[in-house]
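Peer 1: Input file: work-v8.cif. Contents: mmCIF, C-alpha atoms.
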```cif
data_data
loop_
_atom_site.group_PDB
_atom_site.id
_atom_site.type_symbol
_atom_site.label_atom_id
_atom_site.label_comp_id
_atom_site.auth_asym_id
_atom_site.auth_seq_id
_atom_site.Cartn_x
_atom_site.Cartn_y
_atom_site.Cartn_z
ATOM 1 C CA MET D 1 0.000 0.000 0.000
ATOM 2 C CA THR D 2 2.873 2.346 0.577
ATOM 3 C CA SER D 3 3.893 2.154 -3.085
ATOM 4 C CA ASN D 4 0.385 3.265 -4.197
ATOM 5 C CA GLN D 5 0.470 6.448 -2.112
ATOM 6 C CA PRO D 6 2.858 8.401 -4.393
ATOM 7 C CA LYS D 7 0.864 7.424 -7.479
ATOM 8 C CA ASP D 8 -2.364 8.748 -5.943
ATOM 9 C CA THR D 9 -0.613 11.961 -5.000
ATOM 10 C CA ASP D 10 0.861 12.275 -8.482
ATOM 11 C CA SER D 11 -2.505 11.700 -10.167
ATOM 12 C CA ASN D 12 -4.195 14.225 -7.852
ATOM 13 C CA THR D 13 -1.502 16.762 -8.627
ATOM 14 C CA LEU D 14 -1.845 16.106 -12.352
ATOM 15 C CA GLU D 15 -5.614 16.480 -12.147
ATOM 16 C CA GLU D 16 -5.201 19.797 -10.312
ATOM 17 C CA ILE D 17 -2.773 21.031 -12.957
ATOM 18 C CA ILE D 18 -5.105 20.021 -15.781
ATOM 19 C CA ARG D 19 -8.063 21.649 -14.024
ATOM 20 C CA GLU D 20 -6.045 24.860 -13.589
ATOM 21 C CA ILE D 21 -5.065 24.850 -17.277
ATOM 22 C CA PHE D 22 -8.697 24.478 -18.351
ATOM 23 C CA ASN D 23 -9.770 27.263 -15.974
ATOM 24 C CA ARG D 24 -7.065 29.526 -17.364
ATOM 25 C CA LEU D 25 -8.053 28.757 -20.967
ATOM 26 C CA GLU D 26 -11.672 29.512 -20.117
ATOM 27 C CA ASP D 27 -10.652 32.857 -18.571
ATOM 28 C CA LEU D 28 -8.552 33.695 -21.623
ATOM 29 C CA SER D 29 -11.379 32.909 -24.026
ATOM 30 C CA LYS D 30 -13.658 35.317 -22.125
ATOM 31 C CA ILE D 31 -10.996 38.039 -22.107
ATOM 32 C CA GLU D 32 -10.127 37.756 -25.813
ATOM 33 C CA SER D 33 -13.477 39.247 -26.836
ATOM 34 C CA LYS D 34 -13.275 42.200 -24.423
ATOM 35 C CA THR D 35 -12.207 45.719 -25.353
ATOM 36 C CA TRP D 36 -11.627 46.908 -21.781
ATOM 37 C CA MET D 37 -10.291 44.746 -18.968
ATOM 38 C CA SER D 38 -9.472 44.965 -15.294
ATOM 39 C CA ILE D 39 -5.987 44.627 -13.833
ATOM 40 C CA ARG D 40 -6.784 41.016 -12.936
ATOM 41 C CA GLU D 41 -7.910 40.218 -16.472
ATOM 42 C CA ALA D 42 -4.890 41.987 -17.966
ATOM 43 C CA ALA D 43 -2.619 39.915 -15.721
ATOM 44 C CA ILE D 44 -4.255 36.728 -16.990
ATOM 45 C CA TYR D 45 -4.088 37.981 -20.584
ATOM 46 C CA LEU D 46 -0.355 38.749 -20.363
ATOM 47 C CA SER D 47 0.466 35.823 -18.037
ATOM 48 C CA ILE D 48 2.069 38.071 -15.435
ATOM 49 C CA SER D 49 1.134 39.068 -11.882
ATOM 50 C CA GLN D 50 -1.244 41.869 -10.976
ATOM 51 C CA SER D 51 1.590 43.718 -9.250
ATOM 52 C CA GLN D 52 3.597 43.597 -12.496
ATOM 53 C CA ILE D 53 0.597 45.108 -14.317
ATOM 54 C CA ARG D 54 0.448 47.879 -11.706
ATOM 55 C CA ASN D 55 4.184 48.514 -12.162
ATOM 56 C CA LEU D 56 3.707 48.772 -15.947
ATOM 57 C CA ILE D 57 0.865 51.247 -15.411
ATOM 58 C CA ASN D 58 2.861 53.321 -12.904
ATOM 59 C CA SER D 59 5.892 53.428 -15.203
ATOM 60 C CA GLY D 60 3.724 54.577 -18.116
ATOM 61 C CA ARG D 61 4.390 51.524 -20.272
ATOM 62 C CA ILE D 62 0.705 50.541 -20.374
ATOM 63 C CA PRO D 63 -1.931 53.298 -20.446
ATOM 64 C CA SER D 64 -4.934 52.945 -18.146
ATOM 65 C CA ARG D 65 -8.136 54.755 -17.234
ATOM 66 C CA ARG D 66 -10.097 54.970 -14.025
ATOM 67 C CA LEU D 67 -13.763 54.062 -14.206
ATOM 68 C CA TYR D 68 -14.545 57.125 -12.071
ATOM 69 C CA PRO D 69 -11.573 59.531 -12.441
ATOM 70 C CA GLU D 70 -12.832 61.821 -9.680
ATOM 71 C CA LYS D 71 -12.548 58.997 -7.129
ATOM 72 C CA LYS D 72 -9.137 58.069 -5.782
ATOM 73 C CA ARG D 73 -9.886 54.357 -5.384
ATOM 74 C CA SER D 74 -11.875 53.771 -8.555
ATOM 75 C CA LYS D 75 -11.528 50.616 -10.646
ATOM 76 C CA ILE D 76 -8.693 50.806 -13.193
ATOM 77 C CA LEU D 77 -9.438 49.701 -16.744
ATOM 78 C CA LEU D 78 -7.006 48.875 -19.539
ATOM 79 C CA ASN D 79 -7.755 48.871 -23.249
ATOM 80 C CA LYS D 80 -6.828 45.555 -24.876
ATOM 81 C CA ARG D 81 -5.621 47.236 -28.067
ATOM 82 C CA GLN D 82 -3.375 49.592 -26.102
ATOM 83 C CA ILE D 83 -1.992 46.650 -24.135
ATOM 84 C CA ASP D 84 -1.210 44.835 -27.390
ATOM 85 C CA LEU D 85 0.475 47.948 -28.792
ATOM 86 C CA SER D 86 2.486 48.509 -25.630
ATOM 87 C CA VAL D 87 3.652 44.900 -25.522
ATOM 88 C CA MET D 88 4.600 45.012 -29.204
ATOM 89 C CA LEU D 89 6.553 48.250 -28.736
ATOM 90 C CA GLU D 90 8.164 46.979 -25.553
ATOM 91 C CA ARG D 91 9.551 43.954 -27.345
ATOM 92 C CA ASN D 92 10.902 46.113 -30.164
ATOM 93 C CA SER D 93 12.426 48.855 -28.032
ATOM 94 C CA LEU D 94 15.164 49.179 -25.449
ATOM 95 C CA ARG D 95 12.793 49.320 -22.472
ATOM 96 C CA ARG D 96 11.706 52.902 -23.033
ATOM 97 C CA LYS D 97 8.313 54.512 -23.092
ATOM 98 C CA PRO D 98 7.031 54.810 -26.709
ATOM 99 C CA THR D 99 6.558 58.271 -28.173
ATOM 100 C CA ARG D 100 3.130 59.423 -29.314
ATOM 101 C CA ALA D 101 4.339 59.379 -32.913
ATOM 102 C CA GLU D 102 5.330 55.711 -32.554
ATOM 103 C CA LEU D 103 1.960 54.834 -31.031
ATOM 104 C CA LYS D 104 0.065 56.603 -33.825
ATOM 105 C CA ARG D 105 2.184 54.944 -36.508
ATOM 106 C CA ILE D 106 1.604 51.486 -35.078
ATOM 107 C CA GLU D 107 -2.123 52.114 -34.515
ATOM 108 C CA GLY D 108 -2.353 52.928 -38.235
ATOM 109 C CA MET D 109 -0.845 49.535 -39.073
ATOM 110 C CA ILE D 110 -3.386 47.571 -37.015
#
```
Would you put the structure from the file into structure tokens?

Peer 2:
Amino acid sequence: MTSNQPKDTDSNTLEEIIREIFNRLEDLSKIESKTWMSIREAAIYLSISQSQIRNLINSGRIPSRRLYPEKKRSKILLNKRQIDLSVMLERNSLRRKPTRAELKRIEGMI
């Protein structure tokens, strides 16, 4: 019976991993059709942590909007197209904030 214990643990772990993968794919399929997303959704979309998303927002690498700008603790929203543009520019630049001219040029290509 002792030899069966690791196999049960391994199969449970594998099942948990598979379940997590399916949950993540389901989340991604819901996000793909959205224009605006929350920090949590953007983190899932980019496969990074929510704190990394907040750092990208604070550094100006990803633009964001507050749902209610007059409120200090309002929900932050990110535009999927702007995220895609920022990621594309980030990969093609030397870790600098893109200029407005670069953003406009790339928006014209999409």

Peer 1: For D:Arg24, work out the shell of residues within 12 Å, counting all atoms listed in the file and skipping chain neighbours fewer than 6 positions away, then give it as JSON, numbers by chain.

Peer 2: {"D": [17, 18, 30, 31, 41, 43, 44, 45, 46, 47]}

Peer 1: For a quick check of understanding, using all atoms listed in the file, which of D:Lys34, D:Arg105, D:Arg19, D:Arg40 has the smallest distance to D:Asn79?

Peer 2: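 Of the candidates, the smallest distance to D:Asn79 is held by D:Lys34.
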
Peer 1: Between D:Thr13, D:Ser38, D:Thr99, D:Gln50, which residue has the minimum interatomic distance to D:Leu85, considering only C-alpha atoms?

Peer 2: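 Closest residue, counting only C-alpha atoms: D:Thr99.
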
Peer 1: Find the residue from D:Val87, D:Ile48, D:Leu78, D:Ile39 that sits nearest to D:Arg61; use only C-alpha atoms when measuring.

Peer 2: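 Among D:Val87, D:Ile48, D:Leu78, D:Ile39, it is D:Val87 that comes nearest to D:Arg61.
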
Peer 1: List, as a ChimeraX atom specification, every residue that the PyMOL selection byres ((chain D and resi 35) around 8) selects in the file provided.

Peer 2: /D:33-34,36-37,79-81

Peer 1: Got time to write the residues from that selection, C-alpha atoms, as an mmCIF file, in the frame of the given file?

Peer 2:
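Writing done, so here's out_27.cif:
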```cif
data_model
loop_
_atom_site.group_PDB
_atom_site.id
_atom_site.type_symbol
_atom_site.label_atom_id
_atom_site.label_comp_id
_atom_site.auth_asym_id
_atom_site.auth_seq_id
_atom_site.Cartn_x
_atom_site.Cartn_y
_atom_site.Cartn_z
ATOM 1 C CA SER D 33 -13.477 39.247 -26.836
ATOM 2 C CA LYS D 34 -13.275 42.200 -24.423
ATOM 3 C CA TRP D 36 -11.627 46.908 -21.781
ATOM 4 C CA MET D 37 -10.291 44.746 -18.968
ATOM 5 C CA ASN D 79 -7.755 48.871 -23.249
ATOM 6 C CA LYS D 80 -6.828 45.555 -24.876
ATOM 7 C CA ARG D 81 -5.621 47.236 -28.067
#
```

Peer 1: Just give me the gap between atom CA of D:Ile57 and atom CA of D:Lys75 in Å, one decimal is fine.

Peer 2: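 Answer for the atom CA of D:Ile57 to atom CA of D:Lys75 separation: 13.3 Å.
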
Peer 1: Kindly give the distance, in Å, that separates atom CA of D:Leu56 and atom CA of D:Tyr68, rounded to a single decimal.

Peer 2: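 Result for atom CA of D:Leu56 versus atom CA of D:Tyr68: 20.4 Å, one decimal.
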
Peer 1: One number please: atom CA of D:Pro63 to atom CA of D:Gln82, in Å, one decimal.

Peer 2: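 Between atom CA of D:Pro63 and atom CA of D:Gln82 the gap is 6.9 Å.
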
Peer 1: Around stretch 45-48 of chain D, with edges along x, y and z and 4 Å added on all six sides, what centre and edge lengths do you get, in Å to one decimal, as AutoDock Vina command-line options?

Peer 2:
```
--center_x -1.0 --center_y 37.3 --center_z -18.0 --size_x 14.2 --size_y 10.9 --size_z 13.1
```

Peer 1: Given only C-alpha atoms as the basis, pick out the residue of D:Arg54, D:Leu14, D:Ala42, D:Leu67 nearest to D:Asp27.

Peer 2: D:Ala42

Peer 1: Name every residue that the PyMOL selection byres ((chain D and resi 106) around 12) selects in this structure, writing the answer as an NGL selection string with chains first and numbers rising.

Peer 2: :D and (81-82 or 84-89 or 92 or 98-105 or 107-110)

Peer 1: How would the residues just chosen look if you wrote them out with C-alpha atoms as a PDB file, in the coordinates of the input?

Peer 2:
```pdb
ATOM      1  CA  ARG D  81      -5.621  47.236 -28.067  1.00  0.00           C
ATOM      2  CA  GLN D  82      -3.375  49.592 -26.102  1.00  0.00           C
ATOM      3  CA  ASP D  84      -1.210  44.835 -27.390  1.00  0.00           C
ATOM      4  CA  LEU D  85       0.475  47.948 -28.792  1.00  0.00           C
ATOM      5  CA  SER D  86       2.486  48.509 -25.630  1.00  0.00           C
ATOM      6  CA  VAL D  87       3.652  44.900 -25.522  1.00  0.00           C
ATOM      7  CA  MET D  88       4.600  45.012 -29.204  1.00  0.00           C
ATOM      8  CA  LEU D  89       6.553  48.250 -28.736  1.00  0.00           C
ATOM      9  CA  ASN D  92      10.902  46.113 -30.164  1.00  0.00           C
ATOM     10  CA  PRO D  98       7.031  54.810 -26.709  1.00  0.00           C
ATOM     11  CA  THR D  99       6.558  58.271 -28.173  1.00  0.00           C
ATOM     12  CA  ARG D 100       3.130  59.423 -29.314  1.00  0.00           C
ATOM     13  CA  ALA D 101       4.339  59.379 -32.913  1.00  0.00           C
ATOM     14  CA  GLU D 102       5.330  55.711 -32.554  1.00  0.00           C
ATOM     15  CA  LEU D 103       1.960  54.834 -31.031  1.00  0.00           C
ATOM     16  CA  LYS D 104       0.065  56.603 -33.825  1.00  0.00           C
ATOM     17  CA  ARG D 105       2.184  54.944 -36.508  1.00  0.00           C
ATOM     18  CA  GLU D 107      -2.123  52.114 -34.515  1.00  0.00           C
ATOM     19  CA  GLY D 108      -2.353  52.928 -38.235  1.00  0.00           C
ATOM     20  CA  MET D 109      -0.845  49.535 -39.073  1.00  0.00           C
ATOM     21  CA  ILE D 110      -3.386  47.571 -37.015  1.00  0.00           C
TER      22      ILE D 110
END
```
